[in-house]
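File shown: input_34.txt. Contents: compact mmCIF, C-alpha atoms.
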```txt
# COMPACT_ATOMS: atom_id res chain seq x y z
CA MET K 1 61.93 145.65 -82.65
CA GLY K 2 58.92 145.40 -80.31
CA TRP K 3 60.75 143.37 -77.66
CA ILE K 4 63.21 146.18 -76.85
CA SER K 5 60.48 148.66 -76.00
CA ASP K 6 58.71 145.89 -74.05
CA THR K 7 61.84 145.32 -71.97
CA VAL K 8 62.26 149.07 -71.42
CA GLU K 9 58.66 149.28 -70.29
CA SER K 10 59.04 146.39 -67.84
CA VAL K 11 62.24 147.88 -66.41
CA LYS K 12 60.48 151.21 -66.03
CA SER K 13 57.60 149.54 -64.21
CA ILE K 14 59.90 148.45 -61.37
CA LYS K 15 59.46 151.02 -58.64
CA PHE K 16 63.07 151.92 -57.92
CA ARG K 17 62.15 154.63 -55.50
CA GLU K 18 60.07 152.32 -53.30
CA ALA K 19 62.60 149.51 -53.45
CA SER K 20 65.45 151.78 -52.41
CA THR K 21 63.36 153.28 -49.60
CA GLN K 22 62.82 149.81 -48.21
CA LEU K 23 66.50 148.94 -48.54
CA ILE K 24 67.37 152.10 -46.63
CA THR K 25 64.84 151.25 -43.92
CA LEU K 26 66.43 147.82 -43.53
CA GLY K 27 69.85 149.43 -43.36
CA LEU K 28 68.64 151.87 -40.72
CA VAL K 29 67.30 149.09 -38.51
CA VAL K 30 70.57 147.16 -38.71
CA THR K 31 72.82 150.18 -38.17
CA SER K 32 70.80 151.60 -35.27
CA ALA K 33 71.08 148.22 -33.50
CA LEU K 34 74.84 148.37 -34.09
CA VAL K 35 75.02 151.97 -32.84
CA ILE K 36 73.16 151.06 -29.63
CA TRP K 37 75.47 148.09 -28.99
CA LYS K 38 78.66 150.06 -29.66
CA GLY K 39 77.33 152.97 -27.59
CA LEU K 40 76.75 150.62 -24.67
CA MET K 41 80.32 149.36 -25.10
CA CYS K 42 81.60 152.93 -24.79
CA ILE K 43 79.47 153.77 -21.75
CA THR K 44 80.14 150.58 -19.81
CA GLY K 45 83.75 150.15 -20.82
CA THR K 46 83.46 146.43 -21.47
CA LYS K 47 83.47 144.44 -24.69
CA SER K 48 80.22 142.68 -23.79
CA PRO K 49 77.91 145.05 -21.90
CA VAL K 50 75.12 142.48 -21.64
CA VAL K 51 75.51 138.76 -20.97
CA VAL K 52 73.02 135.95 -20.65
CA VAL K 53 73.48 133.52 -17.77
CA LEU K 54 74.13 130.08 -19.22
CA SER K 55 74.71 127.85 -16.21
CA GLU K 56 73.17 127.01 -12.87
CA SER K 57 76.32 127.72 -10.88
CA MET K 58 75.00 130.98 -9.40
CA GLU K 59 71.53 129.70 -8.40
CA PRO K 60 69.34 130.82 -6.74
CA GLY K 61 70.61 134.35 -7.47
CA PHE K 62 70.94 134.01 -11.22
CA GLN K 63 69.05 131.46 -13.24
CA ARG K 64 69.57 130.29 -16.79
CA GLY K 65 68.23 132.91 -19.18
CA ASP K 66 68.61 135.90 -16.87
CA ILE K 67 70.40 138.96 -18.22
CA LEU K 68 73.29 140.71 -16.51
CA PHE K 69 74.48 144.22 -17.26
CA LEU K 70 78.23 144.56 -16.95
CA HIS K 71 80.46 147.50 -16.46
CA MET K 72 84.16 147.98 -16.13
CA ASN K 73 85.89 151.02 -14.71
CA ASN K 74 88.97 151.82 -12.70
CA ASP K 75 87.37 150.83 -9.41
CA PRO K 76 89.26 147.84 -8.08
CA ILE K 77 87.61 144.43 -8.06
CA ARG K 78 87.15 143.15 -4.53
CA ALA K 79 85.92 140.01 -2.81
CA GLY K 80 82.20 139.56 -3.24
CA ASP K 81 81.97 141.16 -6.67
CA ILE K 82 80.32 139.09 -9.36
CA VAL K 83 82.59 139.08 -12.40
CA VAL K 84 82.50 137.63 -15.89
CA ILE K 85 85.72 135.80 -16.55
CA ASN K 86 87.29 134.44 -19.68
CA ILE K 87 89.77 131.64 -19.09
CA ASP K 88 92.55 131.32 -21.69
CA GLY K 89 91.67 128.81 -24.38
CA ARG K 90 87.96 128.74 -23.64
CA ASP K 91 85.16 130.34 -25.61
CA ILE K 92 82.43 130.49 -23.02
CA PRO K 93 82.67 133.21 -20.37
CA ILE K 94 81.82 132.31 -16.77
CA VAL K 95 79.81 134.43 -14.32
CA HIS K 96 81.12 133.79 -10.78
CA ARG K 97 81.87 135.56 -7.53
CA VAL K 98 85.32 136.64 -6.31
CA ILE K 99 86.16 135.04 -2.94
CA LYS K 100 89.85 135.85 -2.53
CA VAL K 101 91.95 138.85 -3.53
CA HIS K 102 95.68 139.45 -3.20
CA GLU K 103 97.03 142.77 -4.44
CA ARG K 104 100.76 143.27 -4.82
CA GLN K 105 102.30 146.26 -3.09
CA ASP K 106 104.88 147.12 -5.75
CA THR K 107 103.41 146.16 -9.13
CA GLN K 108 99.71 146.63 -8.28
CA GLU K 109 99.11 143.27 -9.93
CA THR K 110 96.11 141.58 -8.44
CA TYR K 111 95.27 137.92 -8.08
CA TYR K 112 91.71 136.66 -7.77
CA LEU K 113 90.01 133.41 -6.93
CA THR K 114 86.39 132.90 -7.92
CA LYS K 115 83.60 130.50 -7.04
CA GLY K 116 80.01 129.94 -8.10
CA ASP K 117 77.52 130.43 -5.27
CA ASN K 118 75.88 127.12 -6.08
CA ASN K 119 79.14 125.16 -6.48
CA ASP K 120 80.78 123.26 -3.64
CA MET K 121 84.31 123.87 -4.85
CA ASP K 122 86.12 127.02 -5.86
CA ASP K 123 87.02 127.55 -9.50
CA ARG K 124 90.57 126.18 -9.48
CA VAL K 125 89.13 123.03 -11.07
CA LEU K 126 87.89 125.16 -13.98
CA TYR K 127 91.09 127.09 -14.49
CA ASN K 128 93.85 125.75 -16.68
CA HIS K 129 96.10 123.08 -15.23
CA GLY K 130 98.50 124.63 -12.75
CA GLN K 131 96.71 127.98 -12.72
CA ASP K 132 95.90 129.04 -9.17
CA TRP K 133 94.84 132.65 -9.68
CA LEU K 134 93.02 134.84 -12.15
CA GLU K 135 94.51 138.15 -13.15
CA LYS K 136 92.99 141.39 -14.35
CA LYS K 137 93.25 140.35 -17.99
CA HIS K 138 90.90 137.42 -17.42
CA ILE K 139 88.11 139.64 -16.16
CA MET K 140 85.74 141.02 -18.78
CA GLY K 141 83.42 142.94 -16.52
CA LYS K 142 81.66 143.33 -13.23
CA ALA K 143 77.95 142.63 -12.91
CA ALA K 144 76.05 145.78 -11.95
CA GLY K 145 72.43 145.12 -12.81
CA PHE K 146 70.07 142.26 -13.31
CA LEU K 147 67.00 141.55 -15.42
CA PRO K 148 65.28 138.17 -15.02
CA TYR K 149 64.12 135.92 -17.90
CA ALA K 150 64.92 138.44 -20.62
CA GLY K 151 67.64 136.28 -22.14
CA TRP K 152 65.61 133.18 -22.87
CA ALA K 153 65.25 134.07 -26.55
CA THR K 154 69.04 134.19 -26.91
CA LEU K 155 69.35 130.92 -25.08
CA ILE K 156 66.93 129.18 -27.43
CA MET K 157 68.61 130.73 -30.46
CA SER K 158 72.06 129.58 -29.40
CA GLN K 159 70.82 126.05 -28.79
CA LYS K 160 68.70 125.76 -31.93
CA PRO K 161 70.39 127.85 -34.65
CA ILE K 162 67.56 127.06 -37.12
CA VAL K 163 65.24 129.27 -35.04
CA LYS K 164 67.72 132.12 -35.47
CA TYR K 165 67.74 131.83 -39.28
CA ILE K 166 63.95 131.56 -39.49
CA LEU K 167 63.54 134.64 -37.28
CA ALA K 168 66.16 136.67 -39.15
CA GLY K 169 64.60 135.70 -42.48
CA ALA K 170 61.08 136.53 -41.33
CA PHE K 171 62.20 139.86 -39.92
CA GLY K 172 64.07 140.82 -43.09
CA LEU K 173 61.08 139.86 -45.22
CA LEU K 174 58.74 141.86 -43.01
CA VAL K 175 60.85 144.98 -43.31
CA LEU K 176 61.17 144.59 -47.07
CA ILE K 177 57.50 143.96 -47.86
CA SER K 178 55.93 146.30 -45.33
CA LYS K 179 54.45 149.40 -46.96
CA GLU K 180 54.27 152.46 -44.81
CA MET H 181 46.80 151.29 -40.98
CA HIS H 182 44.51 149.50 -38.57
CA SER H 183 45.52 146.00 -39.52
CA PHE H 184 45.92 143.21 -36.98
CA GLY H 185 49.71 143.38 -37.25
CA TYR H 186 49.91 147.05 -36.38
CA ARG H 187 47.59 146.70 -33.40
CA ALA H 188 49.54 143.70 -32.07
CA ASN H 189 52.76 145.62 -32.53
CA ALA H 190 51.44 148.68 -30.71
CA LEU H 191 50.13 146.53 -27.84
CA LEU H 192 53.44 144.68 -27.50
CA THR H 193 55.49 147.88 -27.56
CA PHE H 194 53.23 149.53 -25.01
CA SER H 195 53.25 146.59 -22.61
CA LEU H 196 57.05 146.24 -22.85
CA THR H 197 57.46 149.95 -22.15
CA ILE H 198 55.22 149.71 -19.09
CA LEU H 199 57.14 146.61 -17.90
CA ALA H 200 60.51 148.33 -18.33
CA PHE H 201 59.18 151.39 -16.52
CA MET H 202 57.94 149.28 -13.60
CA CYS H 203 61.31 147.47 -13.38
CA ALA H 204 63.12 150.82 -13.29
CA ILE H 205 60.78 152.21 -10.62
CA SER H 206 61.09 149.15 -8.38
CA SER H 207 64.89 149.26 -8.68
CA LEU H 208 64.83 152.98 -7.82
CA SER H 209 62.62 152.33 -4.82
CA ASP H 210 65.47 150.28 -3.33
CA SER H 211 67.49 153.44 -2.83
CA LEU H 212 64.76 154.86 -0.58
CA ASN H 213 65.55 152.12 1.92
CA SER H 214 68.19 153.14 4.44
CA PRO H 215 69.21 149.94 6.21
CA SER H 216 70.77 149.69 9.66
CA PRO H 217 72.34 146.24 9.85
CA SER H 218 74.48 145.06 12.76
CA ALA H 219 77.02 142.29 13.22
CA GLN H 220 79.35 140.78 15.79
CA VAL H 221 82.05 138.22 15.19
CA GLN H 222 84.14 136.35 17.72
CA VAL H 223 87.14 134.16 17.01
CA LEU H 224 86.42 131.34 19.43
CA ASN H 225 89.35 129.06 18.78
CA ILE H 226 92.48 128.59 16.70
CA ASN H 227 92.10 124.97 15.60
CA TRP H 228 95.56 124.72 14.12
CA PHE H 229 98.18 127.02 12.63
CA LYS H 230 101.00 125.80 10.45
CA LYS H 231 103.34 126.43 7.58
CA GLN H 232 102.37 124.42 4.51
CA PRO H 233 105.04 122.32 2.76
CA LYS H 234 104.76 124.86 -0.12
CA GLY H 235 105.82 127.59 2.30
CA ASN H 236 102.57 129.48 2.89
CA ASP H 237 101.01 130.00 6.29
CA GLU H 238 97.65 128.34 6.82
CA ILE H 239 95.33 128.65 9.78
CA SER H 240 92.03 127.11 10.80
CA VAL H 241 89.74 129.07 13.09
CA THR H 242 86.35 128.62 14.72
CA LEU H 243 84.06 131.62 14.42
CA ASN H 244 80.92 132.84 16.07
CA ILE H 245 79.00 135.12 13.72
CA SER H 246 75.86 136.92 14.73
CA ALA H 247 74.15 139.47 12.53
CA ASP H 248 70.85 141.20 11.99
CA LEU H 249 70.38 142.03 8.34
CA GLN H 250 66.60 142.24 8.30
CA SER H 251 66.58 145.92 7.36
CA LEU H 252 68.30 145.12 4.04
CA PHE H 253 65.21 143.41 2.69
CA THR H 254 62.75 145.38 0.57
CA TRP H 255 59.96 144.22 -1.71
CA ASN H 256 62.46 144.07 -4.60
CA THR H 257 64.95 141.84 -2.77
CA LYS H 258 65.44 138.35 -4.10
CA GLN H 259 68.20 137.32 -1.75
CA VAL H 260 71.11 138.66 0.24
CA PHE H 261 74.53 137.09 -0.20
CA VAL H 262 76.56 137.59 2.96
CA PHE H 263 80.18 136.70 3.60
CA LEU H 264 82.86 137.24 6.18
CA ALA H 265 86.32 138.11 4.94
CA ALA H 266 89.64 138.42 6.71
CA GLU H 267 91.42 141.52 5.42
CA TYR H 268 95.02 142.50 6.11
CA ASP H 269 98.11 143.86 4.43
CA THR H 270 101.60 142.39 4.29
CA PRO H 271 104.96 143.79 3.14
CA LYS H 272 104.42 142.10 -0.23
CA ASN H 273 100.70 142.68 -0.68
CA SER H 274 98.87 145.94 -0.12
CA LEU H 275 95.62 144.03 0.29
CA ASN H 276 94.67 140.46 1.09
CA GLN H 277 91.00 139.54 1.20
CA ILE H 278 90.16 135.99 2.14
CA SER H 279 86.58 134.86 2.37
CA LEU H 280 86.18 132.66 5.44
CA TRP H 281 82.47 131.98 5.42
CA ASP H 282 79.52 132.83 3.21
CA GLY H 283 75.83 132.21 3.04
CA ILE H 284 72.70 133.02 1.08
CA ILE H 285 69.80 134.55 2.96
CA PRO H 286 66.63 133.82 1.01
CA SER H 287 64.15 135.87 3.04
CA LYS H 288 63.75 138.39 5.81
CA GLU H 289 62.82 135.68 8.33
CA HIS H 290 66.31 134.18 8.01
CA ALA H 291 68.13 137.51 8.16
CA LYS H 292 68.76 137.43 11.90
CA PHE H 293 71.14 134.61 12.62
CA LEU H 294 73.81 133.23 14.88
CA ILE H 295 76.31 130.84 13.35
CA HIS H 296 79.01 128.78 14.95
CA THR H 297 81.39 127.51 12.30
CA SER H 298 84.97 126.82 11.37
CA ASN H 299 86.23 128.58 8.26
CA LYS H 300 84.51 127.30 5.11
CA TYR H 301 87.31 128.36 2.76
CA ARG H 302 90.98 127.84 3.51
CA PHE H 303 92.72 130.72 5.23
CA ILE H 304 96.05 130.68 3.40
CA ASP H 305 98.45 133.60 3.16
CA GLN H 306 100.66 134.31 0.14
CA GLY H 307 103.81 133.89 2.19
CA THR H 308 104.56 133.52 5.88
CA ASN H 309 103.09 136.66 7.37
CA LEU H 310 100.31 135.34 9.55
CA ARG H 311 102.18 134.94 12.86
CA GLY H 312 101.07 137.72 15.19
CA LYS H 313 99.22 139.37 12.30
CA GLU H 314 96.57 141.92 13.09
CA PHE H 315 93.62 141.74 10.74
CA ASN H 316 90.11 143.04 10.18
CA LEU H 317 87.07 140.83 9.91
CA THR H 318 84.63 142.38 7.48
CA LEU H 319 81.07 141.32 6.98
CA HIS H 320 80.10 142.09 3.39
CA TRP H 321 76.66 141.77 1.89
CA HIS H 322 75.45 141.89 -1.68
CA VAL H 323 71.76 142.52 -2.13
CA MET H 324 70.47 140.76 -5.21
CA PRO H 325 67.28 142.41 -6.46
CA LYS H 326 64.34 140.79 -8.20
CA THR H 327 65.25 143.22 -10.95
CA GLY H 328 67.58 146.18 -11.32
CA LYS H 329 70.73 147.39 -9.65
CA MET H 330 72.72 145.21 -7.29
CA LEU H 331 73.71 146.85 -4.02
CA ALA H 332 76.59 146.04 -1.69
CA ASP H 333 77.96 147.28 1.60
CA LYS H 334 79.97 146.07 4.59
CA ILE H 335 80.73 146.36 8.28
CA VAL H 336 84.42 146.40 9.18
CA MET H 337 85.35 144.92 12.55
CA PRO H 338 88.98 145.71 13.35
CA GLY H 339 91.33 144.51 16.01
CA TYR H 340 91.80 140.77 15.68
CA GLN H 341 95.22 139.23 16.12
CA LEU H 342 96.56 135.83 15.16
CA PRO H 343 98.82 133.87 17.57
CA ARG H 344 102.56 134.51 17.49
CA GLU H 345 103.54 130.84 17.16
CA TYR H 346 102.45 127.90 15.00
CA ARG H 347 100.10 125.45 16.71
CA ARG H 348 99.19 121.85 16.06
```
Let me see the file written as structure tokens.
Amino acid sequence: MGWISDTVESVKSIKFREASTQLITLGLVVTSALVIWKGLMCITGTKSPVVVVLSESMEPGFQRGDILFLHMNNDPIRAGDIVVINIDGRDIPIVHRVIKVHERQDTQETYYLTKGDNNDMDDRVLYNHGQDWLEKKHIMGKAAGFLPYAGWATLIMSQKPIVKYILAGAFGLLVLISKE
Amino acid sequence: MHSFGYRANALLTFSLTILAFMCAISSLSDSLNSPSPSAQVQVLNINWFKKQPKGNDEISVTLNISADLQSLFTWNTKQVFVFLAAEYDTPKNSLNQISLWDGIIPSKEHAKFLIHTSNKYRFIDQGTNLRGKEFNLTLHWHVMPKTGKMLADKIVMPGYQLPREYRR
């Protein structure tokens, strides 16, 4: 009957208290990141408060890898504003500048035309076939602030997903094995 | 407690905090600048004025734009995006904004300029309201910082009128 007591001993030797402390720490890190992100969503009023510039169409103002802070409130969008737009049927949002605005007298519906500062043509070539104007529903947010270079990590991670998994794994491991 | 990892971590955190603080301060320093820009615009010529086959009015104009935007530049200014928009209202639309010309000013040395140009973007109405229309020309600028908050303002120049008849 020696093997039962051996098993009991080995189970007892696992430090449940330490293990659970580390699990809770990991949980705290993940949830606080989530809380910050959701909090930003509430404050800024847009579904994506921070975007990384992916294209060269707004050079030299915005370069690839720069970060934009968006906000969305009841202030109307006017010509000159830099907006993040989401065209129906496309995954990737576009950061461009509004160059034309027409606002209806009766319905308050507003029609926008956008263009990238570095592009020769306006964005009608990017819109869906037959679509001449953007409407309010296409606009995710208005750029309010700017931080250069800070988005490069995201850019690398989205291009080479393996880097993402290695980083996430390493980070998780670090949190689990670190003894404080 | 004093392992390499902890020291590296502390150093990284500290330097990032300092960097964030400096970015915030330089963005705040922009608001201390009180610029006094000036602009004049003349409509030199109506090149042509017609009704498109689709039924919208379209006009082509030649403009003379002179502006002095040097006071907008601070040490945190990366560039100034400047554009001239025609703004008017019609029975159908409470606001029409049509960008006619725009440009990027990369540095203070280029911020005082005189430009003679025809409209870069098409001046098309949503409808046929342009004959005899009074409109404002507004010079807008968007200051793009090296880091921080983007600033924008404008000068409204009222009192322009389009011709009463179409012209070839």
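Atom to atom, atom CA of H:Leu264 and atom CA of H:Gly328 stand 24.9 Å apart.
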For the interface of chain H with chain K (cut-off 7 Å, counting all atoms listed in the file), please tabulate each contacting residue of chain H alongside its nearest pair of atoms and their separation in Å to one decimal, rows sorted by chain and increasing number, as a Markdown table.
```
| residue | atom | partner | partner_atom | distance |
| --- | --- | --- | --- | --- |
| H:Gln259 | CA | K:Gly61 | CA | 6.9 |
| H:Lys272 | CA | K:Gln105 | CA | 5.5 |
| H:Asn273 | CA | K:Arg104 | CA | 4.2 |
| H:Ser274 | CA | K:Gln105 | CA | 4.5 |
| H:Leu275 | CA | K:Glu103 | CA | 5.1 |
| H:Asn276 | CA | K:His102 | CA | 4.5 |
| H:Gln277 | CA | K:Val101 | CA | 4.9 |
| H:Ile278 | CA | K:Lys100 | CA | 4.7 |
| H:Ser279 | CA | K:Ile99 | CA | 5.3 |
| H:Met324 | CA | K:Gly61 | CA | 6.8 |
| H:Thr327 | CA | K:Leu147 | CA | 5.1 |
| H:Gly328 | CA | K:Phe146 | CA | 5.1 |
| H:Lys329 | CA | K:Gly145 | CA | 4.2 |
| H:Met330 | CA | K:Gly145 | CA | 5.5 |
```
Residues as selected, C-alpha atoms, written as a PDB file, in the coordinates of the input, can you do that?
```pdb
ATOM      1  CA  GLN H 259      68.200 137.320  -1.750  1.00  0.00           C
ATOM      2  CA  LYS H 272     104.420 142.100  -0.230  1.00  0.00           C
ATOM      3  CA  ASN H 273     100.700 142.680  -0.680  1.00  0.00           C
ATOM      4  CA  SER H 274      98.870 145.940  -0.120  1.00  0.00           C
ATOM      5  CA  LEU H 275      95.620 144.030   0.290  1.00  0.00           C
ATOM      6  CA  ASN H 276      94.670 140.460   1.090  1.00  0.00           C
ATOM      7  CA  GLN H 277      91.000 139.540   1.200  1.00  0.00           C
ATOM      8  CA  ILE H 278      90.160 135.990   2.140  1.00  0.00           C
ATOM      9  CA  SER H 279      86.580 134.860   2.370  1.00  0.00           C
ATOM     10  CA  MET H 324      70.470 140.760  -5.210  1.00  0.00           C
ATOM     11  CA  THR H 327      65.250 143.220 -10.950  1.00  0.00           C
ATOM     12  CA  GLY H 328      67.580 146.180 -11.320  1.00  0.00           C
ATOM     13  CA  LYS H 329      70.730 147.390  -9.650  1.00  0.00           C
ATOM     14  CA  MET H 330      72.720 145.210  -7.290  1.00  0.00           C
TER      15      MET H 330
END
```
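Here atom CA of H:Phe303 and atom CA of H:Lys230 stand 11.0 Å from one another.
Counting from atom CA of H:Lys334, the distance to atom CA of H:His322 is 8.8 Å.
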| field | Residues near stretch 242-245 of chain H, cut-off 6 Å, all atoms listed in the file, skip fewer than 6 positions along chain, as an MDAnalysis selection string | value | chainID H and resid 221:225 294:298
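A search radius of 12 Å centred on (68.2, 142.0, 10.8), applied to only C-alpha atoms, returns the residues Pro215, Ser216, Pro217, Ser218, Ala219, Ser246, Ala247, Asp248, Leu249, Gln250, Ser251, Leu252, Phe253, Val260, Ile285, Ser287, Lys288, Glu289, His290, Ala291, Lys292, Phe293 and Leu294 of chain H.
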| task | Compute the distance from (74.4, 133.0, 0.8) to each atom, counting only C-alpha atoms, keep the residues with any atom at most 7 Å away, and return them as number ranges by chain; use the coordinates of the file. | result | H: 260-262, 282-285
Selection near H:Gly235, 8 Å with all atoms listed in the file, sequence-local residues under 4 positions removed, as a short mmCIF file (atom, residue, chain, number, x, y, z; two decimals) with C-alpha atoms, in the coordinates of the input:
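Below is the file that was written, selection.cif:
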```
data_model
loop_
_atom_site.label_atom_id
_atom_site.label_comp_id
_atom_site.auth_asym_id
_atom_site.auth_seq_id
_atom_site.Cartn_x
_atom_site.Cartn_y
_atom_site.Cartn_z
CA LYS H 231 103.34 126.43 7.58
CA GLY H 307 103.81 133.89 2.19
CA THR H 308 104.56 133.52 5.88
#
```
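Close contacts of K:Val29, defined as residues with an atom at most 12 Å away when counting only C-alpha atoms, with chain neighbours fewer than 6 positions off set aside, comprise K:Gln22, K:Leu23, K:Val35, K:Ile36, K:Phe171, K:Gly172, K:Val175, K:Leu176.
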| Spatial neighbours of K:Pro49, max dist 10 Å, all atoms listed in the file, sep filter under 2 positions, as JSON, numbers by chain | {"K": [37, 38, 39, 40, 41, 42, 43, 44, 45, 46, 47, 51, 68, 69, 70, 71, 72, 140, 141, 142, 143]}
| message | Considering only C-alpha atoms, can you say which of K:Ala19, K:Val8, K:Ile24, K:Val83 comes closest to K:Ile177? | response | K:Ala19
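Comparing the minimum interatomic distances between H:Thr257 and each of H:Asp305, H:Lys300, H:Ile239, H:Ser207, counting only C-alpha atoms, we find that H:Ser207 sits nearest.
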Coordinates of box centre and edge lengths for stretch 42-45 of chain K, 4 Å on every side, axis-aligned, as AutoDock Vina command-line options:
```
--center_x 81.6 --center_y 152.0 --center_z -22.3 --size_x 12.3 --size_y 11.6 --size_z 13.0
```
| query | If we count all atoms listed in the file, what is near stretch 313-320 of chain H at a cut-off of 6 Å, once residues fewer than 2 positions away on the same chain are taken out, given as a VMD selection string? | reply | chain H and resid 262 to 268 310 to 311 333 to 338 340 to 342
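Restricting the calculation to all atoms listed in the file, the smallest distance between H:Ser240 and any of H:Thr270, H:Asn299, H:Ser209, H:Thr254 is found for H:Asn299.
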